[in-house]
Amino acid sequence: MLPLRWEDDSGLAELTAYLRFLSRHVRIIVVDGSATPLFERHAAAWRGLAEHVRPAPDLRFANGKVNGVITGLRLARAEHVIIADDDVRYDRHTLARMNSLLAGADLVRPQNHFTHLPWHALWDTARTLLNRSLGADYPGTFGLRRSFAERMGGGYDGDVLFENLELIRTVRAHGGREIRPLDLYVRRLPPDAARFWDQRVRQAYDDLAQPVRMALFLSVLPAVAACLLRRKYTALAAGAALTVGLAEVGRRRAGGSRIFPATAALCAPIWVLERATCSWLALAACLRGGVPYAGRRLHRAAHSVRRLRRDLHTQSARKMDRQEVDRPGREGRSPGQAGRSGSLAALNPAALCDPSQNGLTDDNPHRHNATVARPAGMDSPS
């Protein structure tokens, strides 16, 4: 399942070759929100490789990626589904590993790495290493059990900017099990430099969903300015060295030194300064009503797990109220009294478990993403 919305077909030939490879191992659903001329061109190129459809007309989330993901989940038949941005490239080994891990988890979060490293990709790899040093990175791909997605009501809120975090937190709010195999390395094509710069403030805006992280980055520039004014250059050097050290720890975790170059850790101080600057710009965008996205403004980065659980509790209580009112012999009982007979803990004790948000984590919103429905086996399509 590949939800996408393209503005041009510059990558069509490469993606078609990749889909041809995937079609030998998995069933593919392409959910295409591109303009009609591009849609028709895609239909011709991918005929016989994938099921090619429009996003469901009843889905009108501000974040179009979510419309595509939910449409694809509705059409998927396999239990194991891989959600991946269009720049993610699986091979037989990573497909098989994801399939195996989904047998014991509701959500699997692998680790992306760039296939090659132009300067801006090396810069952004520093972010990945810092995330790994303190927890796990947010990749451009997930594995999800379709039955659990149905348990979540078939999807998650798409009126947020950081849709990957929203999906993770929705799974957690419903008591799902998430695993983060740091040694499951999935390749990713780097963006061009123009797209890299276009994403800077938008990525920083994602941190509004993680207030502690946002506060940390907002404090960097004032701290640097204070050190410069007081000529405390040793403190600045120590801070830069600490940042490089943390990135190097992340590079060496789970065999990462085979994947990530040592020079990426040296870029960590530069990335921190860039994120600190963009965090102030993101805060200004928030005060103006949100960050521009696909012709609209998105104000919320993502909902908290607490908010999602509260909403789930409210929905469960209302459902129980309706059941109590409709049950014979309950006509004299008020809806409010009926709602007291159950709780979220009683309905789903596992939902009380709240895995912590660890590490410096964020991920790029992409103009399109890919979801591949998993087959029962690796050698034949489902």
# chains A, B, ... in the order shown; residues from 1 in each chain; ligands from 1
>>> residues_around(residues="Leu165 in chain A", least_positions_apart="3", cutoff="10 Å", atoms="only C-alpha atoms", output="PyMOL selection string")
chain A and resi 138+160-162+168-171+206+209-210+301-304+361-363
>>> write_last_selection(atoms="N, CA and C atoms", output="mmCIF file, in the first residue's frame")
data_model
loop_
_atom_site.group_PDB
_atom_site.id
_atom_site.type_symbol
_atom_site.label_atom_id
_atom_site.label_comp_id
_atom_site.auth_asym_id
_atom_site.auth_seq_id
_atom_site.Cartn_x
_atom_site.Cartn_y
_atom_site.Cartn_z
ATOM 1 N N TYR A 138 12.865 8.335 14.824
ATOM 2 C CA TYR A 138 11.607 8.181 14.108
ATOM 3 C C TYR A 138 11.929 7.958 12.639
ATOM 4 N N VAL A 160 -2.933 16.595 12.168
ATOM 5 C CA VAL A 160 -1.718 16.940 12.899
ATOM 6 C C VAL A 160 -0.556 16.944 11.910
ATOM 7 N N LEU A 161 0.526 17.611 12.286
ATOM 8 C CA LEU A 161 1.693 17.665 11.409
ATOM 9 C C LEU A 161 2.571 16.430 11.560
ATOM 10 N N PHE A 162 2.842 16.021 12.801
ATOM 11 C CA PHE A 162 3.744 14.897 13.075
ATOM 12 C C PHE A 162 2.930 13.613 13.093
ATOM 13 N N ILE A 168 2.146 6.376 16.502
ATOM 14 C CA ILE A 168 2.779 5.660 17.615
ATOM 15 C C ILE A 168 1.994 5.864 18.899
ATOM 16 N N ARG A 169 1.625 7.094 19.182
ATOM 17 C CA ARG A 169 0.911 7.367 20.432
ATOM 18 C C ARG A 169 -0.495 6.786 20.427
ATOM 19 N N THR A 170 -1.122 6.710 19.267
ATOM 20 C CA THR A 170 -2.444 6.092 19.194
ATOM 21 C C THR A 170 -2.351 4.596 19.485
ATOM 22 N N VAL A 171 -1.319 3.951 18.956
ATOM 23 C CA VAL A 171 -1.098 2.534 19.263
ATOM 24 C C VAL A 171 -0.893 2.352 20.758
ATOM 25 N N ASP A 206 7.557 19.948 14.767
ATOM 26 C CA ASP A 206 7.171 18.662 15.343
ATOM 27 C C ASP A 206 7.486 18.587 16.830
ATOM 28 N N ALA A 209 5.139 18.829 19.994
ATOM 29 C CA ALA A 209 4.444 17.681 20.577
ATOM 30 C C ALA A 209 5.249 17.049 21.701
ATOM 31 N N GLN A 210 6.509 17.489 21.878
ATOM 32 C CA GLN A 210 7.382 16.983 22.929
ATOM 33 C C GLN A 210 7.964 18.185 23.672
ATOM 34 N N ALA A 301 0.992 19.680 16.471
ATOM 35 C CA ALA A 301 2.010 18.742 15.991
ATOM 36 C C ALA A 301 1.546 17.307 16.194
ATOM 37 N N ALA A 302 1.075 16.977 17.379
ATOM 38 C CA ALA A 302 0.525 15.650 17.676
ATOM 39 C C ALA A 302 -0.153 15.715 19.034
ATOM 40 N N HIS A 303 -1.063 14.788 19.291
ATOM 41 C CA HIS A 303 -1.738 14.719 20.584
ATOM 42 C C HIS A 303 -0.887 13.919 21.566
ATOM 43 N N SER A 304 -1.023 14.213 22.832
ATOM 44 C CA SER A 304 -0.330 13.444 23.862
ATOM 45 C C SER A 304 -1.027 12.107 24.068
ATOM 46 N N THR A 361 13.963 12.767 19.200
ATOM 47 C CA THR A 361 13.316 12.087 18.095
ATOM 48 C C THR A 361 12.459 13.022 17.294
ATOM 49 N N ASP A 362 12.584 12.936 15.957
ATOM 50 C CA ASP A 362 11.669 13.624 15.058
ATOM 51 C C ASP A 362 11.791 12.993 13.695
ATOM 52 N N ASP A 363 10.866 13.304 12.830
ATOM 53 C CA ASP A 363 10.898 12.729 11.498
ATOM 54 C C ASP A 363 10.296 13.695 10.515
#
>>> closest_residue(among="A:Trp123, A:Phe61, A:Trp197, A:Trp280", to="Phe260 in chain A", atoms="only C-alpha atoms")
A:Trp123
>>> atom_distance(atom1="CA of Pro222 in chain A", atom2="CA of Thr234 in chain A")
16.4 Å
>>> select_by_dssp(residues="range 105-136 of chain A", states="strand (DSSP E or B)", output="PyMOL selection string")
chain A and resi 107-108+111-114
>>> write_last_selection(atoms="N, CA and C atoms", output="PDB file, in the first residue's frame")
ATOM      1  N   LEU A 107       3.257  -2.796  16.589  1.00  0.00           N
ATOM      2  CA  LEU A 107       3.928  -1.758  15.814  1.00  0.00           C
ATOM      3  C   LEU A 107       5.428  -1.990  15.893  1.00  0.00           C
ATOM      4  N   VAL A 108       6.092  -1.962  14.733  1.00  0.00           N
ATOM      5  CA  VAL A 108       7.543  -2.127  14.666  1.00  0.00           C
ATOM      6  C   VAL A 108       8.131  -0.867  14.066  1.00  0.00           C
ATOM      7  N   GLN A 111      15.033   1.206  11.739  1.00  0.00           N
ATOM      8  CA  GLN A 111      15.970   2.321  11.636  1.00  0.00           C
ATOM      9  C   GLN A 111      16.285   2.613  10.176  1.00  0.00           C
ATOM     10  N   ASN A 112      16.024   3.838   9.747  1.00  0.00           N
ATOM     11  CA  ASN A 112      16.391   4.248   8.387  1.00  0.00           C
ATOM     12  C   ASN A 112      17.842   4.718   8.323  1.00  0.00           C
ATOM     13  N   HIS A 113      18.441   4.581   7.159  1.00  0.00           N
ATOM     14  CA  HIS A 113      19.735   5.200   6.882  1.00  0.00           C
ATOM     15  C   HIS A 113      19.774   5.551   5.406  1.00  0.00           C
ATOM     16  N   PHE A 114      20.486   6.598   5.062  1.00  0.00           N
ATOM     17  CA  PHE A 114      20.533   7.056   3.682  1.00  0.00           C
ATOM     18  C   PHE A 114      21.425   6.157   2.837  1.00  0.00           C
TER      19      PHE A 114
END
>>> closest_residue(among="A:Ser279, A:Gly104, A:Leu22, A:Trp6", to="Leu218 in chain A", atoms="only C-alpha atoms")
A:Ser279
>>> select_by_dssp(residues="range 154-290 of chain A", states="alpha helix (DSSP H)", output="VMD selection string")
chain A and resid 163 to 173 193 to 198 200 to 206 211 to 218 220 to 229 233 to 252 262 to 266 268 to 287
>>> closest_residue(among="A:Leu189, A:Ala173, A:Ala317, A:Leu129", to="Val244 in chain A", atoms="only C-alpha atoms")
A:Leu129
>>> closest_residue(among="A:Ile259, A:Ala223, A:Ala103, A:Val305", to="Leu273 in chain A", atoms="only C-alpha atoms")
A:Ala223
>>> atom_distance(atom1="CA of Leu182 in chain A", atom2="CA of Ala136 in chain A")
7.1 Å
>>> residues_around(residues="Ala241 in chain A", least_positions_apart="5", cutoff="12 Å", atoms="only C-alpha atoms", output="ChimeraX atom specification")
/A:234-236,246-248,265-270
